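Below is one structure, written out as structure tokens; comments come after it.
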Amino acid sequence: MLHALKLKVFDLLHQSNGTEHHTDNYNSDDLVVRRGQPFKVRFTFNRGVKKEDKLQFVALTGSYPLEADNTHAVFPLTSSQDITSWAAVKDADEKNGLVVKIYTPATAVIGHYKLSVKISSKKGKTSTYKLDGFTLLFNPWCPDDDVFLDDEAERQEYVLNDNGMIFFGQEDFILNEGWNFGQFEESILSICLAILDKNLNYQEDPVTDCSRRNDPVYIGRVVTTMVNHFEDDGVVMGRWKGSYIGGVDPMEWIGSVDILKRWKRGGYKPVKYGQCWVFGGVTCTVLRCLGIPTRIVTNFLSAHDTNRNLWLDQHFDTSGQLVAETSDSVWNFHVWNESWFLRHDLGSELSYSGWQVLDSTPQETSTGIYRCGPASVNAVKQGDVELDYDVPFVFAEVNADRVTWILYDDDLAEQVYTDTKSIGQKISTKALGSDERVDITSSYKYPEGSEEERAVFQKARQKLIKMGVLGKRDRGKKTIARSWARATRRILDSDSEDDTTARSKPKKPLISGKFKLPERPMVSEDINLSLILKNLTASGKTINVNFSSSTVKYTGQPTADIWRDSKSITLKPHGEERIPVQISALDYEHDLTSDNMVEVAAVCEVKNGGKLLVRKHVVLDHPPLGIEVLGEAVVNEPVQVEVTFTNPLPLWVKDGRLLVEGSGLIEGQLRRQVHTLEPRESSSIQFEITPSRSGSRQLLVVFTSKRFPDIKGFQSVEVVESH
């Protein structure tokens, strides 16, 4: 008598499947696999499988699985190799068992799945067995997946690398710092899936939301919404003004793992606080974790064009101080993400596929919600601002024209300069396989000043007019003080009728000027620089110079007026004069922000001959951290690390501490108190780490105190397998 077939044991073969699917680094109890690629399951039964035995598999995802929504799949065991959708194919016979390949389509919905098998024997007896669940991700290794990358070095960098580099500072002094993405760390995958389940679309219509999770365009849009706090249960709360009491100074974060775990521990309430690089780092972690190739990008001199007319109107008072109420702004740098995928929604020719801008920093709303993208980088370069999503905003960030105004107390405003070249400088990302910087500006725009670049700018303006975003008389009204607004409008109204051309051009300058900084000063040191003025004419000129200086945020917004001065000089025909400028550390030390930035400005008025505004941002330096691994780093073997640090102040520091983290090197975060430091004292601390994964790892350290801005350092560590 033939007994009914019964399942005794099953094995989802975590190790071999993980290796095949490039998911073996995920610290997850679930099997993690990628769509469009089969994974194997071993079954052991009470007897051998006969012809009359039927096996049918069911895979379910989401709260309300439906076959019509591609969240409920039913598929029998077959021997066919013609696979176009979900399928189970016998791979090998074993004694009283089978090895089965489970095929998933390259367009499958990503997320956590429940898997079961129904066994029917000849006599009609049917039994259903629940198997372990599995998590299905996007697959950059699968040619049929929309996120496919055909370069293995790029897949290693943009999907599997769990540490990275963020560039910041200013266009003529670019700095870098490490960031721990940590997408494979314990619980991070489940947190990233929770982000999808907390989004507003899921709360309102979970069936439709889950059915759209096969599309990287949709996922990218959801993630940029959820990483910022403006929507319910968002991950990070941004703050650019005021104190960070009750939260963490954005400069203190050195990775995403701590942020994401705090979000979960706090009941999915926003973690305080973040700024653009924090939003970018967390977004990169989430998207890489889900399998979408993603990188961090920094744009220097990044425009924030609030009314999307592609003109950045900046208003300064007569001493060169930025009028704080101006709504347009130019950030010293801004960090966003690029992700790689196809754009079927932008046409069958797929010419707008490839890198897409995604930005979680809450700057402006997109269809009523704070988010940005995906915006095709190619669409930005070609000026195709009518395409989804948020292409006009990104176009302005990298290629707006900058218009400078001097505002007077007598209700007058004077346009002193129109700059078509400065916005969008040295757009940067990390190189493949190294910490070097790669300039990708040419992927966003044609060379500044070229015929192609100006033609694309005018094309974008014309399209915005056709879209109704701009009118021919649009003048970019600003939320500045009412008298300034009246003055600006009065002068603007004298422009040409056709608003598609550049603003009225100021008269040819009679003088040129620039600030020169011989060397970058340290925090708590005086700032010494020179203003160099040159007469461009054949007649002598008398110049009145009004100097001012303020501490500023990296967003360009002033925080405190710290110094003013004025001088009068005479320039000989074609002559040059160097005016020394010194700003004492006592002037800025109480107002310096964690960005370590001071702006110096000079309004130079030529007697009977117009004005020139000269500005410079000075980024103050700090003593570097020294990080040294004292021995060979071997998996599962402890090794000592020494960190050397210096008190940057001429004061005693009693509250110093070190924060240390690094995926594959430290579980969680290591914290060490620093003994009281004398003024300018250097010291060191040793501690032990035990690496858990081999390969190139990154150890990150931040030296923090309430007395000075955070000092960060990182060190690459090559970890080898145990001997």
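Residues in the structure tokens are named by chain (A, B, ... in the order shown) and by number from 1 within that chain; ligands are numbered from 1 in the order shown.
Residues within 10 Å of Met522 in chain A, counting only C-alpha atoms and excluding same-chain residues fewer than 5 positions away, are A:Ile527, A:Ala585, A:Asn596, A:Val619, A:Leu620, A:Asp621, A:His622, A:Pro623, A:Pro648, A:Leu649.
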Contact residues around range 700-717 of chain A with only C-alpha atoms at 7 Å, ignoring same-chain residues under 2 positions, as a ChimeraX atom specification: /A:177-178,251-252,254,594,625,627,655-662,696-698,719
Near Leu350 in chain A, counting only C-alpha atoms, which residues have an atom at most 12 Å away, once you skip same-chain residues fewer than 4 positions from it, shown as a short mmCIF file (atom, residue, chain, number, x, y, z; two decimals) with all heavy atoms, in the first residue's frame?
```cif
data_model
loop_
_atom_site.label_atom_id
_atom_site.label_comp_id
_atom_site.auth_asym_id
_atom_site.auth_seq_id
_atom_site.Cartn_x
_atom_site.Cartn_y
_atom_site.Cartn_z
N ASP A 146 14.85 45.86 -14.10
CA ASP A 146 14.99 47.28 -14.43
C ASP A 146 16.20 47.93 -13.78
O ASP A 146 16.62 49.02 -14.20
CB ASP A 146 13.73 48.05 -14.02
CG ASP A 146 12.58 47.85 -14.99
OD1 ASP A 146 12.79 47.19 -16.03
OD2 ASP A 146 11.47 48.35 -14.70
N PHE A 341 18.34 52.89 -12.79
CA PHE A 341 17.26 52.01 -13.25
C PHE A 341 16.64 52.56 -14.54
O PHE A 341 16.90 53.69 -14.94
CB PHE A 341 16.17 51.80 -12.18
CG PHE A 341 15.70 53.03 -11.47
CD1 PHE A 341 14.77 53.89 -12.02
CD2 PHE A 341 16.17 53.32 -10.18
CE1 PHE A 341 14.32 55.01 -11.34
CE2 PHE A 341 15.73 54.44 -9.50
CZ PHE A 341 14.80 55.28 -10.07
N LEU A 342 15.84 51.70 -15.18
CA LEU A 342 15.16 52.08 -16.41
C LEU A 342 13.99 53.00 -16.11
O LEU A 342 13.40 52.95 -15.03
CB LEU A 342 14.66 50.83 -17.14
CG LEU A 342 15.70 49.81 -17.59
CD1 LEU A 342 15.03 48.65 -18.32
CD2 LEU A 342 16.76 50.45 -18.46
N ARG A 343 13.63 53.84 -17.10
CA ARG A 343 12.48 54.73 -16.97
C ARG A 343 11.46 54.42 -18.08
O ARG A 343 11.35 55.14 -19.08
CB ARG A 343 12.92 56.19 -17.03
CG ARG A 343 13.73 56.66 -15.83
CD ARG A 343 12.99 56.58 -14.51
NE ARG A 343 11.78 57.37 -14.50
CZ ARG A 343 11.71 58.63 -14.11
NH1 ARG A 343 12.81 59.26 -13.73
NH2 ARG A 343 10.55 59.28 -14.11
N HIS A 344 10.74 53.31 -17.91
CA HIS A 344 9.69 52.96 -18.87
C HIS A 344 8.63 54.05 -18.93
O HIS A 344 7.97 54.23 -19.96
CB HIS A 344 9.04 51.63 -18.46
CG HIS A 344 9.96 50.46 -18.48
ND1 HIS A 344 10.41 49.87 -19.63
CD2 HIS A 344 10.55 49.77 -17.45
CE1 HIS A 344 11.21 48.86 -19.34
NE2 HIS A 344 11.32 48.78 -18.03
N ASP A 345 8.45 54.78 -17.83
CA ASP A 345 7.40 55.80 -17.76
C ASP A 345 7.72 57.03 -18.61
O ASP A 345 6.85 57.87 -18.83
CB ASP A 345 7.17 56.23 -16.31
CG ASP A 345 8.43 56.76 -15.64
OD1 ASP A 345 9.50 56.16 -15.83
OD2 ASP A 345 8.34 57.77 -14.92
N LEU A 346 8.96 57.13 -19.11
CA LEU A 346 9.36 58.31 -19.89
C LEU A 346 9.56 57.99 -21.37
O LEU A 346 10.18 58.76 -22.09
CB LEU A 346 10.64 58.92 -19.32
CG LEU A 346 10.57 59.40 -17.87
CD1 LEU A 346 11.87 60.05 -17.45
CD2 LEU A 346 9.40 60.36 -17.66
N GLY A 354 19.00 55.07 -16.75
CA GLY A 354 20.35 55.24 -16.18
C GLY A 354 20.27 55.91 -14.83
O GLY A 354 19.38 55.62 -14.03
N SER A 376 15.61 62.12 -14.12
CA SER A 376 16.63 61.57 -15.00
C SER A 376 17.78 62.55 -15.16
O SER A 376 17.57 63.72 -15.53
CB SER A 376 16.02 61.25 -16.37
OG SER A 376 17.01 61.06 -17.35
N ASN A 378 19.97 62.49 -17.46
CA ASN A 378 20.03 62.85 -18.88
C ASN A 378 18.99 63.91 -19.22
O ASN A 378 19.25 64.82 -20.02
CB ASN A 378 19.84 61.62 -19.75
CG ASN A 378 20.14 61.90 -21.21
OD1 ASN A 378 21.10 62.60 -21.54
ND2 ASN A 378 19.33 61.38 -22.11
N ALA A 379 17.80 63.82 -18.61
CA ALA A 379 16.78 64.85 -18.84
C ALA A 379 17.25 66.21 -18.33
O ALA A 379 16.98 67.24 -18.95
CB ALA A 379 15.47 64.44 -18.16
#
```
Contacts of Ile296 in chain A at 9 Å (only C-alpha atoms; same-chain gap of 2+ positions) as a list of chain:residue names: A:Gly164, A:Met165, A:Ile166, A:Phe167, A:Trp277, A:Gly280, A:Gly281, A:Cys284, A:Thr294, A:Thr298, A:Val335, A:Trp336, A:Asn337, A:Glu338, A:Ser428, A:Thr429, A:Lys430
Please build the interface table for range 183-250 of chain A against range 96-107 of chain A with a cut-off of 12 Å, listing for each qualifying residue the nearest atom pair and the distance in Å to one decimal; count only C-alpha atoms, order rows by chain and increasing number, and write it as CSV.
```
residue,atom,partner,partner_atom,distance
A:Ser211,CA,A:Thr107,CA,10.9
A:Arg212,CA,A:Thr107,CA,10.3
A:Arg213,CA,A:Thr107,CA,9.5
A:Asn214,CA,A:Thr107,CA,5.8
A:Asp215,CA,A:Thr107,CA,7.8
A:Pro216,CA,A:Thr107,CA,10.2
```
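With only C-alpha atoms as the atoms that count, the residue of A:Val641, A:Val297, A:Ile427, A:Val416 with the shortest distance to Asp313 in chain A is A:Val416.
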